[in-house]
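Peer 1: Have a look at this one before I ask anything.
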2 protein chains.
Amino acid sequence: MHSRVQVQHVTPSVDCGRYAVKAVAGDEVVVGADVFREGHDKTAAVVRFRGPGDTDWLEAPLRLDGNDRWVGAFPVDRVGAWRYQVVAWTDHWASWLDAVTKKVRAGKTDLDVDLEGGAQLLERRTVPAPARGRLAEAAAHLRSDEPPAARVAAAADPDLAALLARHPERLDPTFGQELPLWVDREAARFSAWYEFFPRSEGAVVEGPGAPRSGTFAHAAKRLPAVAEMGFDVVYLPPIHPIGRSHRKGPNNALVAGPGDPGVPWAIGGPEGGHTAVHPDLGTIDDFDDFVEEAARNGLEVAMDYAIQCSPDHPWVTEHPEWFRHRADGSIAYAENPPKEYQDIYPIDFDTDDEDGLWAALKDVLDFWIGHGIRIFRVDNPHTKAIPFWEWVIDAVHADHPDVLFLAEAFTRPKMMQTLAKVGFSQSYTYFAWRNARWELEQYLTELTQTDMVDYYRPSFWPNTPDILTEFLQTGGVPAFKLRFLLAALLSPAYGVYSGYELYEHLPRHPGSEEYLDSEKYQYRPRDWSRPDSLAPYIARINRFRQAQPALRQLRTLRFHQVDDPAVMAFSKVTPQRTDPVLVVANLDVHAPRATTVRLDLWQLGLDGVGPYEAYDVLTDTLYIWHGPDNYVRLDPSAEPAHVLALRAL
Amino acid sequence: MHSRVQVQHVTPSVDCGRYAVKAVAGDEVVVGADVFREGHDKTAAVVRFRGPGDTDWLEAPLRLDGNDRWVGAFPVDRVGAWRYQVVAWTDHWASWLDAVTKKVRAGKTDLDVDLEGGAQLLERRTVPAPARGRLAEAAAHLRSDEPPAARVAAAADPDLAALLARHPERLDPTFGQELPLWVDREAARFSAWYEFFPRSEGAVVEGPGAPRSGTFAHAAKRLPAVAEMGFDVVYLPPIHPIGRSHRKGPNNALVAGPGDPGVPWAIGGPEGGHTAVHPDLGTIDDFDDFVEEAARNGLEVAMDYAIQCSPDHPWVTEHPEWFRHRADGSIAYAENPPKEYQDIYPIDFDTDDEDGLWAALKDVLDFWIGHGIRIFRVDNPHTKAIPFWEWVIDAVHADHPDVLFLAEAFTRPKMMQTLAKVGFSQSYTYFAWRNARWELEQYLTELTQTDMVDYYRPSFWPNTPDILTEFLQTGGVPAFKLRFLLAALLSPAYGVYSGYELYEHLPRHPGSEEYLDSEKYQYRPRDWSRPDSLAPYIARINRFRQAQPALRQLRTLRFHQVDDPAVMAFSKVTPQRTDPVLVVANLDVHAPRATTVRLDLWQLGLDGVGPYEAYDVLTDTLYIWHGPDNYVRLDPSAEPAHVLALRAL
């Protein structure tokens with residue numbers, strides 16, 4: 001039999017089902033599909049779904065939302081690989097009832113044949129024994145002497161409809177495409193990261209013993225303060241031995257001095273490679289202790305996973321075939337012509353020993369997973385083979401579905417999207433370079449209102465060891481406040497690179513985005529206890545993130561109208577459209593601005609509620625607002641934004 | 001080996017390749033794809049394609065258009081089923097040349113190893129014998145003593161690049177999805193249709209002998225006038241015997257009088273069914289003569305294909321199983337509850353004899369194809385099984401790829417789109433109800449700027465026997481002029497229902513869209529020679545359509561800014577952006593309007609050309625225009641629009 005019911009345009013879907021949609025455990029996954037058939041008959045539809053360990057499909061109903069679009073949702077309650085599929089069929093009973101109801105309304109009374117037809121529909125239904133009596137009764141009533149209108153009204157009984165819905169008759173089920181869905185733990189979407197270099201903690205840079213590296217033991221003492229600032233994840237640049245050949249000196253000097261520590265991403269030396277700990281930092285046991293101390297402070301440790309080697313990495317001699325050789329036989333160091341990186345050998349994914357290479361690369365991940373690591377920030381994945389990422393993320397997830405991978409790919413958009421599609425749990429973004437209102441609104445709209453929201457989880461970083469933006473160089477304290485709260489409130493996942501709280505803002509030279517005396521090339525111990533540190537501000541905002549359920553969301557982000565083009569207003573709500581959070585930010589850090597914000601109250605779940613509270617968490621101030629239009633004045637020298645929890649009075 | 005090159009988002013594509021894209025013989029099909037890979041290596045791509053009878057793939061190049069989007073085009077020169085596919089691979093030579101060029105520009109001179117690498121790339125290329133010398137020469141030059149910059153410049157020789165492109169090295173070819181494409185003859189996209197009822201031609205409605213049907217012989221005498229008006233296709237409502245049971249009378253009277261002819265769509269009687277000719281019209285030979293006369297006048301005949309039967313159709317007794325039976329065993333007549341159509345029995349596609357039914361329905365088409373018919377206007381396909389349409393259109397095309405099917409489905413948009421997807425060559429649209437500027441612009445933008453343009457060919461009808469719009473009822477002669485030229489100039493395929501040229505505008509009753517004394521229920525002979533007939537106007541516009549290549553296009557339609565919201569300006573150009581046609585229409589038929597039109601000159605191919613001609617074909621007037629902004633005044637009592645051929649001076 002040919003399928004008469006159309007099932008088209010099922011969402012969410014990534015590249016025609018080639019890649020998995022992403023969700024987080026606890027989500028309701030909203031599904032839509034175009035469902036219709038020829039003629040006047042009605043259709044019905046469900047989404048069926050199954051998760052890890054399910055022996056059969058479960059189902060959730062879809063309802064008609066207009067214009068042949070059917071929508072519904074199903075819950076995902078655990079991490080792992082899920083599948084879902086829309087099923088639709090002709091609902092003969094609903095068709096019959098609709099037709100005969102219209103006739104009654106038009107005043108027709110000669111309906112015995114129609115009602116007999118309805119009785120026959122009921123009699124052919126297959127239902128369990130307890131329900132057969134009800135159907136027989138309903139069929140008999142349709143054949144009775146009661147007026148037709150009364151018989152039709154009885155047939156429309158909601159309990160009867162519910163009974164029939166529990167035992168649907170699907171004579172012509174049509175199946176949409178079976179689609180893959182990957183469910184992560186909540187940290188994949190919602191987490192606050194703090195990046196710091198352990199080697200700077202306790203490092204000695206002048207006086208006797210200088211220069212001397214910090215250690216894991218020292219770095220562990222920093223963890224309570226990081227937890228107090230409200231972070232969830234501490235992310236460490238590579239902690240492995242660093243090569244000596246062509247080691248870089250401070251400020252990327254081509255030649256290192258005797259005590260210079262080199263760049264952590266130039267991985268490998270006589271002491272070992274990707275599965276070794278830099279001896280200056282400590283032993284593997286010291287690392288384990290550090291991870292445990294983090295856990296005691298409620299922090300996860302994220303490691304840097306960088307597929308590249310210094311010239312001194314053991315693999316260079318053990319597996320020369322894993323590296324590309326130039327025409328003269330020498331190994332090709334990293335290049336982005338004309339730039340050269342003599343301290344790095346890139347891995348050659350065209351190697352004949354693909355199996356050996358891929359296995360070794362996965363072994364590195366497994367080694368650190370074995371030491372309790374469940375998060376990897378991956379360095380420049382866009383210069384490594386995409387099929388490798390698709391395989392290794394999937395292979396790791398088969399044993400450890402709770403592992404998260406953050407893609408650090410600052411590159412062209414379609415590559416960034418593809419890395420997310422093949423499995424990266426989170427991705428860095430262009431956020432650092434989106435400062436004006438129009439570009440923030442445009443970018444966030446792309447991230448939240450296109451299908452990117454189904455597979456690309458943004459992580460917003462106002463700074464990284466490679467990125468000190470002009471905005472931060474010139475904006476002063478207000479810029480640091482502003483960019484921090486934008487990262488933490490626009491995106492549920494975000495991070496900062498340590499030193500941010502001390503307003504580090506000097507570039508290597510004018511026009512550069514590199515830090516002066518960058519920690520990539522030298523130890524940078526700091527006085528974290530400076531009284532003007534941004535740490536309390538960071539803590540306040542992280543507490544607000546934890547307290548406000550709307551801030552765990554990305555999809556519900558909406559922008560509101562503001563008269564002043566330099567003032568931006570955005571909100572989030574829960575999926576049920578409750579607990580609204582509104583942020584009004586003056587993006588001009590050099591001058592106060594006063595303007596009117598014109599809110600879409602329906603988006604906030606506040607339409608028609610009368611006056612409402614607007615509680616500003618930054619200043620602990622309560623405002624009472626009325627209606628959509630509200631006056632704001634924001635002086636960056638005080639606070640560059642209002643961060644408001646709204647509530648109907 | 002894993003594919004390192006990404007090929008994504010190939011366009012055009014309909015529903016992930018489930019349905020064929022449409023084109024017309026003579027087109028260049030524009031293809032796009034996202035093509036990229038990791039790292040700095042370059043990619044190259046082609047689209048390969050094959051048409052009916054091709055024993056192997058042909059190829060056309062794609063070029064990078066920015067942001068990883070590659071575009072190109074391939075020609076389709078004949079009707080039938082084609083396939084196309086994007087192929088991409090790593091271009092190692094281009095990668096090498098790009099890298100070494102950047103080094104030269106950065107002032108590097110120590111490049112012997114790089115140049116040796118280039119020589120080796122050339123030496124490993126497989127080329128036919130005549131080309132080997134050139135490659136060996138190029139390799140030797142790379143190894144020579146010349147300065148590196150000179151050696152690199154020589155390697156960038158365009159002839160060498162062309163030679164290498166003719167013999168590409170594809171070590172890692174990646175294939176996008178193979179996609180289907182159906183190519184029709186040009187009439188599928190570009191044709192002007194004239195609908196008339198043969199039974200009215202020569203009909204006698206009063207006096208002796210009345211009522212008496214017109215005949216094919218009489219109707220054939222109308223054909224020269226239809227050809228003179230510039231039409232390509234004459235479309236005939238059903239010409240088969242009409243049932244007597246429950247025959248409708250004039251103005252849809254429930255009961256017919258003795259001489260009333262009934263509705264042509266109530267097909268079938270003792271005289272035969274879908275393969276018979278109504279005896280009042282003549283014999284099958286008379287029909288053949290009519291078709292030949294049409295051909296002599298440069299006209300094709302389109303027949304109405306309506307899958308339904310009167311109660312007297314032979315199939316009712318021969319194949320009762322092809323009809324739905326009610327609970328009391330009687331056959332269900334057509335209904336759209338609460339409306340009832342007792343003169344029509346719908347076909348039941350749920351029949352157990354699906355094979356027999358489908359075969360018989362196809363036999364009907366084959367019968368008329370055997371009598372020279374190559375176009376079918378299909379009545380209400382949205383109430384018939386979609387799988388049947390997909391099958392029968394495909395089956396007919398297997399033997400007669402030049403057959404066209406027009407879907408008359410005035411229904412919900414997704415069904416209309418699906419009928420086009422499953423193969424209908426053209427589709428009626430919502431045009432009749434799009435009268436204001438904003439709704440015309442919105443609708444035409446949907447038709448031309450979404451993927452609908454890849455599979456949905458609109459046919460614009462300002463009137464049909466079922467549709468006499470309020471706009472025509474109240475707008476007078478200017479409305480008839482305006483709606484005709486909008487249909488004929490906005491859409492390459494359009495049609496009118498006869499009587500339009502005589503401004504027939506009386507509805508059955510106020511608020512109705514039915515014609516008074518509709519030809520569906522009675523004979524309507526007319527005096528075509530009325531001096532105020534719109535026929536000369538129609539002829540002038542159809543001549544303009546034939547003369548202007550831009551008017552054969554749909555995709556190039558663009559709207560221009562006009563200050564007055566009731567004045568609309570649209571243009572078309574050829575695919576090469578030449579031969580611009582501009583229409584400026586006053587959509588307010590009750591009052592003159594003067595305003596400024598602000599043209600996008602680049603869209604018209606007229607940017608930077610100085611003064612240009614604007615020749616108005618309606619008034620035979622030549623204007624000289626300058627720049628983008630031009631004043632227009634349009635008095636509907638004169639002409640409601642300017643219809644302009646533009647040309648640089």
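Each chain in the structure tokens gets a letter, A, B and so on, in the order shown; residues start at 1 in every chain, and ligands are counted from 1 in the order they appear.
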Using only C-alpha atoms, find which residues of chain B lie within 9 Å of chain A and jot them down as number ranges by chain.
Peer 2: B: 1-6, 8-9, 15-16, 34, 36-40, 67-68, 98-106, 108, 113-118, 120, 326-328, 336-339, 350, 354, 381-388, 412-415, 418
Peer 1: Which neighbours of segment 538-546 of chain A fall inside 7 Å, counting only C-alpha atoms, when residues of the same chain fewer than 4 positions from it are skipped, and could you give them as a list in words?
Peer 2: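 Once the adjacent positions are removed, what remains is Glu228, Met229, Gly230, Leu534 and Leu551 of chain A.
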Peer 1: Got time to write the residues from that selection, all heavy atoms, as an mmCIF file, in the first residue's frame?
Peer 2:
```cif
data_model
loop_
_atom_site.group_PDB
_atom_site.id
_atom_site.type_symbol
_atom_site.label_atom_id
_atom_site.label_comp_id
_atom_site.auth_asym_id
_atom_site.auth_seq_id
_atom_site.Cartn_x
_atom_site.Cartn_y
_atom_site.Cartn_z
ATOM 1 N N GLU A 228 35.199 30.086 44.786
ATOM 2 C CA GLU A 228 34.479 31.190 45.408
ATOM 3 C C GLU A 228 33.975 32.193 44.384
ATOM 4 O O GLU A 228 32.942 32.836 44.573
ATOM 5 C CB GLU A 228 35.414 31.903 46.380
ATOM 6 C CG GLU A 228 34.721 32.482 47.591
ATOM 7 C CD GLU A 228 35.756 32.892 48.616
ATOM 8 O OE1 GLU A 228 36.310 31.989 49.270
ATOM 9 O OE2 GLU A 228 36.018 34.109 48.713
ATOM 10 N N MET A 229 34.727 32.324 43.287
ATOM 11 C CA MET A 229 34.251 33.208 42.221
ATOM 12 C C MET A 229 33.060 32.586 41.490
ATOM 13 O O MET A 229 32.447 33.240 40.652
ATOM 14 C CB MET A 229 35.374 33.498 41.223
ATOM 15 C CG MET A 229 36.324 34.604 41.667
ATOM 16 S SD MET A 229 37.413 35.158 40.335
ATOM 17 C CE MET A 229 38.659 33.854 40.355
ATOM 18 N N GLY A 230 32.748 31.332 41.780
ATOM 19 C CA GLY A 230 31.540 30.736 41.220
ATOM 20 C C GLY A 230 31.760 29.947 39.951
ATOM 21 O O GLY A 230 30.797 29.605 39.268
ATOM 22 N N LEU A 534 38.229 42.278 40.211
ATOM 23 C CA LEU A 534 36.858 42.062 39.730
ATOM 24 C C LEU A 534 36.249 40.795 40.317
ATOM 25 O O LEU A 534 35.097 40.466 40.064
ATOM 26 C CB LEU A 534 36.871 41.974 38.197
ATOM 27 C CG LEU A 534 35.557 42.202 37.447
ATOM 28 C CD1 LEU A 534 34.989 43.588 37.722
ATOM 29 C CD2 LEU A 534 35.752 41.992 35.958
ATOM 30 N N LEU A 551 18.855 31.464 32.889
ATOM 31 C CA LEU A 551 20.216 31.647 32.393
ATOM 32 C C LEU A 551 20.898 30.327 32.019
ATOM 33 O O LEU A 551 22.013 30.331 31.512
ATOM 34 C CB LEU A 551 21.052 32.429 33.416
ATOM 35 C CG LEU A 551 20.557 33.869 33.584
ATOM 36 C CD1 LEU A 551 21.296 34.578 34.696
ATOM 37 C CD2 LEU A 551 20.710 34.649 32.282
#
```
Peer 1: Work out how far atom CA of Ala165 of chain A is from atom CA of Ala94 of chain A, in Å to one decimal.
Peer 2: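 Spanning atom CA of Ala94 of chain A to atom CA of Ala165 of chain A is a straight-line distance of 10.3 Å.
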Peer 1: Tell me, as a VMD selection string, which residues lie within 12 Å of Asp394 of chain B, counting only C-alpha atoms; anything in the same chain fewer than 3 positions away does not count.
Peer 2: chain B and resid 19 to 20 80 to 81 182 362 387 to 391 397 to 405 421 to 425
Peer 1: Based on the selection just made, write C-alpha atoms of those residues as a short mmCIF file (atom, residue, chain, number, x, y, z; two decimals), in the first residue's frame.
Peer 2:
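Final output, saved to part.cif:
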```
data_model
loop_
_atom_site.label_atom_id
_atom_site.label_comp_id
_atom_site.auth_asym_id
_atom_site.auth_seq_id
_atom_site.Cartn_x
_atom_site.Cartn_y
_atom_site.Cartn_z
CA TYR B 19 12.43 15.00 -5.29
CA ALA B 20 13.85 16.22 -8.57
CA GLY B 80 14.27 14.01 -19.56
CA ALA B 81 15.86 12.72 -16.39
CA TRP B 182 13.97 16.71 -14.47
CA LYS B 362 -3.00 5.88 -16.92
CA PRO B 387 1.64 8.44 -4.65
CA PHE B 388 -0.56 7.96 -7.70
CA TRP B 389 0.56 11.30 -9.14
CA GLU B 390 4.19 10.55 -8.48
CA TRP B 391 3.84 7.22 -10.25
CA HIS B 397 7.38 10.68 -18.81
CA ALA B 398 9.20 7.41 -19.36
CA ASP B 399 7.57 7.21 -22.79
CA HIS B 400 6.66 10.86 -23.37
CA PRO B 401 9.03 13.18 -21.53
CA ASP B 402 7.49 16.13 -23.33
CA VAL B 403 4.12 15.79 -21.63
CA LEU B 404 3.22 18.61 -19.22
CA PHE B 405 0.91 18.47 -16.23
CA LYS B 421 7.57 18.20 -5.94
CA VAL B 422 6.11 14.88 -7.06
CA GLY B 423 6.21 16.01 -10.67
CA PHE B 424 3.55 18.51 -11.74
CA SER B 425 5.16 20.68 -14.41
#
```
Peer 1: Identify which of the residues A:Trp89, A:Ile307, A:Asp635, A:Tyr430 lies closest to Ala334 of chain A, counting only C-alpha atoms when measuring atom-to-atom distances.
Peer 2: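 Checking each of A:Trp89, A:Ile307, A:Asp635, A:Tyr430 against Ala334 of chain A, counting only C-alpha atoms, the winner is A:Ile307.
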Peer 1: Would you list the contacts of Ile331 of chain A as JSON, numbers by chain, taking every protein, DNA or RNA residue within 10 Å and counting only C-alpha atoms, but skipping same-chain residues closer than 6 positions in sequence?
Peer 2: {"A": [311, 316, 320, 321, 322, 323, 324, 325, 345, 346]}
Peer 1: Take the residues from that selection and write them out as a compact mmCIF listing (two decimals), in the first residue's frame, keeping N, CA and C atoms.
Peer 2:
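The result, written out as again-v4.txt:
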```
# COMPACT_ATOMS: atom_id res chain seq x y z
N PRO A 311 59.80 19.42 18.52
CA PRO A 311 60.78 18.55 17.84
C PRO A 311 61.39 17.49 18.76
N VAL A 316 58.51 11.76 17.62
CA VAL A 316 59.29 12.17 16.44
C VAL A 316 60.28 11.10 16.06
N PRO A 320 58.31 8.48 13.06
CA PRO A 320 58.54 9.56 12.08
C PRO A 320 57.49 9.59 10.99
N GLU A 321 56.83 8.45 10.78
CA GLU A 321 55.83 8.42 9.71
C GLU A 321 54.56 9.20 10.08
N TRP A 322 54.46 9.64 11.33
CA TRP A 322 53.30 10.43 11.73
C TRP A 322 53.49 11.91 11.45
N PHE A 323 54.60 12.26 10.82
CA PHE A 323 54.91 13.66 10.54
C PHE A 323 55.15 13.83 9.05
N ARG A 324 54.89 15.03 8.56
CA ARG A 324 55.10 15.27 7.13
C ARG A 324 56.56 15.63 6.91
N HIS A 325 57.11 15.05 5.87
CA HIS A 325 58.51 15.30 5.55
C HIS A 325 58.61 16.16 4.31
N TYR A 345 55.89 20.65 15.52
CA TYR A 345 55.71 19.76 14.37
C TYR A 345 54.24 19.37 14.31
N PRO A 346 53.55 19.69 13.23
CA PRO A 346 52.16 19.24 13.13
C PRO A 346 52.11 17.75 12.76
```
Peer 1: Env of Arg222 of chain A: 10 Å cut, atoms = only C-alpha atoms, seq-sep filter 6 positions within chain, self excluded. Answer as a ChimeraX atom specification.
Peer 2: /A:196,198,201-202,216,294,528
Peer 1: Could you pull out all residues of segment 442-587 of chain B with a DSSP call of strand (DSSP E) and give them as an MDAnalysis selection string?
Peer 2: chainID B and resid 458:460 493:497 558:562 567:572 581:586
Peer 1: Between atom CA of Val477 of chain A and atom CA of Asp532 of chain A, what is the spacing in Å?
Peer 2: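 Interatomic distance here is 9.9 Å.
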Peer 1: What residues in segment 333-578 of chain B get the DSSP label helix (DSSP H, G or I)? Please answer as an NGL selection string.
Peer 2: :B and (354-370 or 381-383 or 386-399 or 413-421 or 431-433 or 437-449 or 451-454 or 470-490 or 500-502 or 535-547 or 549-552)
Peer 1: Quick one: residues within 9 Å of Pro580 of chain B, only C-alpha atoms, excluding same-chain residues fewer than 2 positions away - as a list in words?
Peer 2: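 My list of contacting residues is Gln548, Pro549, Ala550, Ser571, Lys572, Val573, Thr574, Arg577, Thr578, Leu582, Gln603, Leu604, Gly605, Leu606, Leu644, Ala645, Leu646 and Arg647 of chain B.
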Peer 1: Next, the residues of the selection above should be written as an mmCIF file, in the first residue's frame with N, CA and C atoms.
Peer 2:
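Once everything was written out, this is part.cif:
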```
data_model
loop_
_atom_site.group_PDB
_atom_site.id
_atom_site.type_symbol
_atom_site.label_atom_id
_atom_site.label_comp_id
_atom_site.auth_asym_id
_atom_site.auth_seq_id
_atom_site.Cartn_x
_atom_site.Cartn_y
_atom_site.Cartn_z
ATOM 1 N N GLN B 548 10.726 39.616 -25.911
ATOM 2 C CA GLN B 548 11.648 39.961 -24.829
ATOM 3 C C GLN B 548 12.151 38.698 -24.126
ATOM 4 N N PRO B 549 13.410 38.352 -24.308
ATOM 5 C CA PRO B 549 13.915 37.116 -23.681
ATOM 6 C C PRO B 549 13.790 37.128 -22.156
ATOM 7 N N ALA B 550 13.867 38.305 -21.553
ATOM 8 C CA ALA B 550 13.774 38.353 -20.086
ATOM 9 C C ALA B 550 12.444 37.811 -19.592
ATOM 10 N N SER B 571 11.007 44.149 -12.394
ATOM 11 C CA SER B 571 11.807 43.987 -13.596
ATOM 12 C C SER B 571 12.185 42.537 -13.778
ATOM 13 N N LYS B 572 12.565 42.221 -14.990
ATOM 14 C CA LYS B 572 13.205 40.943 -15.298
ATOM 15 C C LYS B 572 14.352 41.204 -16.251
ATOM 16 N N VAL B 573 15.318 40.333 -16.200
ATOM 17 C CA VAL B 573 16.448 40.376 -17.128
ATOM 18 C C VAL B 573 16.726 38.956 -17.575
ATOM 19 N N THR B 574 17.598 38.799 -18.531
ATOM 20 C CA THR B 574 18.039 37.455 -18.907
ATOM 21 C C THR B 574 18.990 36.933 -17.827
ATOM 22 N N ARG B 577 21.834 38.989 -17.301
ATOM 23 C CA ARG B 577 21.506 40.335 -16.823
ATOM 24 C C ARG B 577 21.492 41.358 -17.963
ATOM 25 N N THR B 578 20.873 40.952 -19.063
ATOM 26 C CA THR B 578 20.708 41.861 -20.196
ATOM 27 C C THR B 578 19.227 42.005 -20.497
ATOM 28 N N LEU B 582 11.028 46.467 -17.555
ATOM 29 C CA LEU B 582 10.553 47.076 -16.305
ATOM 30 C C LEU B 582 9.069 47.350 -16.436
ATOM 31 N N GLN B 603 20.685 45.685 -10.849
ATOM 32 C CA GLN B 603 19.806 44.564 -11.182
ATOM 33 C C GLN B 603 19.394 44.585 -12.645
ATOM 34 N N LEU B 604 19.301 45.773 -13.188
ATOM 35 C CA LEU B 604 18.837 45.915 -14.566
ATOM 36 C C LEU B 604 19.989 45.847 -15.555
ATOM 37 N N GLY B 605 21.205 45.703 -15.050
ATOM 38 C CA GLY B 605 22.356 45.740 -15.945
ATOM 39 C C GLY B 605 22.614 47.126 -16.492
ATOM 40 N N LEU B 606 22.118 48.141 -15.798
ATOM 41 C CA LEU B 606 22.234 49.519 -16.304
ATOM 42 C C LEU B 606 23.036 50.411 -15.372
ATOM 43 N N LEU B 644 7.851 48.544 -20.022
ATOM 44 C CA LEU B 644 9.010 49.198 -20.621
ATOM 45 C C LEU B 644 10.121 48.233 -20.972
ATOM 46 N N ALA B 645 10.627 48.362 -22.173
ATOM 47 C CA ALA B 645 11.890 47.714 -22.526
ATOM 48 C C ALA B 645 12.969 48.770 -22.352
ATOM 49 N N LEU B 646 13.962 48.477 -21.519
ATOM 50 C CA LEU B 646 15.011 49.454 -21.237
ATOM 51 C C LEU B 646 16.250 49.134 -22.061
ATOM 52 N N ARG B 647 16.961 50.177 -22.416
ATOM 53 C CA ARG B 647 18.174 49.940 -23.198
ATOM 54 C C ARG B 647 19.126 51.092 -22.987
#
```
Peer 1: Fewer than 4 positions away in the same chain doesn't count, so skip those; otherwise give me all residues within 8 Å of segment 553-565 of chain B, counting only C-alpha atoms, as a ChimeraX atom specification.
Peer 2: /B:189-190,437-438,441,448-449,453,490-492,549,569-575,594-600,603
Peer 1: Go ahead and save the picked residues with C-alpha atoms, as a JSON list (two decimals), in the first residue's frame.
Peer 2:
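Writing done, so here's part_11.json:
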```
[["chain", "number", "residue", "atom", "x", "y", "z"],
["B", 189, "ARG", "CA", 8.04, 27.38, -17.95],
["B", 190, "PHE", "CA", 6.93, 29.78, -20.67],
["B", 437, "ARG", "CA", 1.41, 45.72, -3.71],
["B", 438, "TRP", "CA", 2.59, 44.28, -0.42],
["B", 441, "GLU", "CA", 5.65, 41.46, -3.60],
["B", 448, "THR", "CA", 11.17, 33.37, -6.87],
["B", 449, "GLN", "CA", 13.60, 33.71, -3.92],
["B", 453, "VAL", "CA", 11.74, 28.32, -7.70],
["B", 490, "LEU", "CA", 5.11, 38.56, -13.60],
["B", 491, "SER", "CA", 4.91, 34.91, -14.55],
["B", 492, "PRO", "CA", 6.31, 33.27, -17.66],
["B", 549, "PRO", "CA", 13.92, 37.12, -23.68],
["B", 569, "ALA", "CA", 7.68, 48.31, -10.03],
["B", 570, "PHE", "CA", 9.22, 45.03, -11.08],
["B", 571, "SER", "CA", 11.81, 43.99, -13.60],
["B", 572, "LYS", "CA", 13.21, 40.94, -15.30],
["B", 573, "VAL", "CA", 16.45, 40.38, -17.13],
["B", 574, "THR", "CA", 18.04, 37.46, -18.91],
["B", 575, "PRO", "CA", 20.29, 35.15, -16.87],
["B", 594, "ALA", "CA", 2.12, 60.07, -9.61],
["B", 595, "THR", "CA", 5.23, 59.01, -7.80],
["B", 596, "THR", "CA", 8.94, 58.35, -8.01],
["B", 597, "VAL", "CA", 10.36, 54.95, -8.90],
["B", 598, "ARG", "CA", 13.81, 54.29, -7.47],
["B", 599, "LEU", "CA", 15.48, 51.65, -9.58],
["B", 600, "ASP", "CA", 18.23, 49.25, -8.63],
["B", 603, "GLN", "CA", 19.81, 44.56, -11.18]]
```
Peer 1: Taking into account only C-alpha atoms, which residue in the set B:Ala131, B:Val392, B:Val79, B:Val378 is nearest to Leu164 of chain B?
Peer 2: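 Selected residue with least distance to Leu164 of chain B: B:Ala131.
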Peer 1: Measure the distance from atom CA of Pro592 of chain A to atom CA of Ala638 of chain A in Å and round it to one decimal.
Peer 2: 9.3 Å
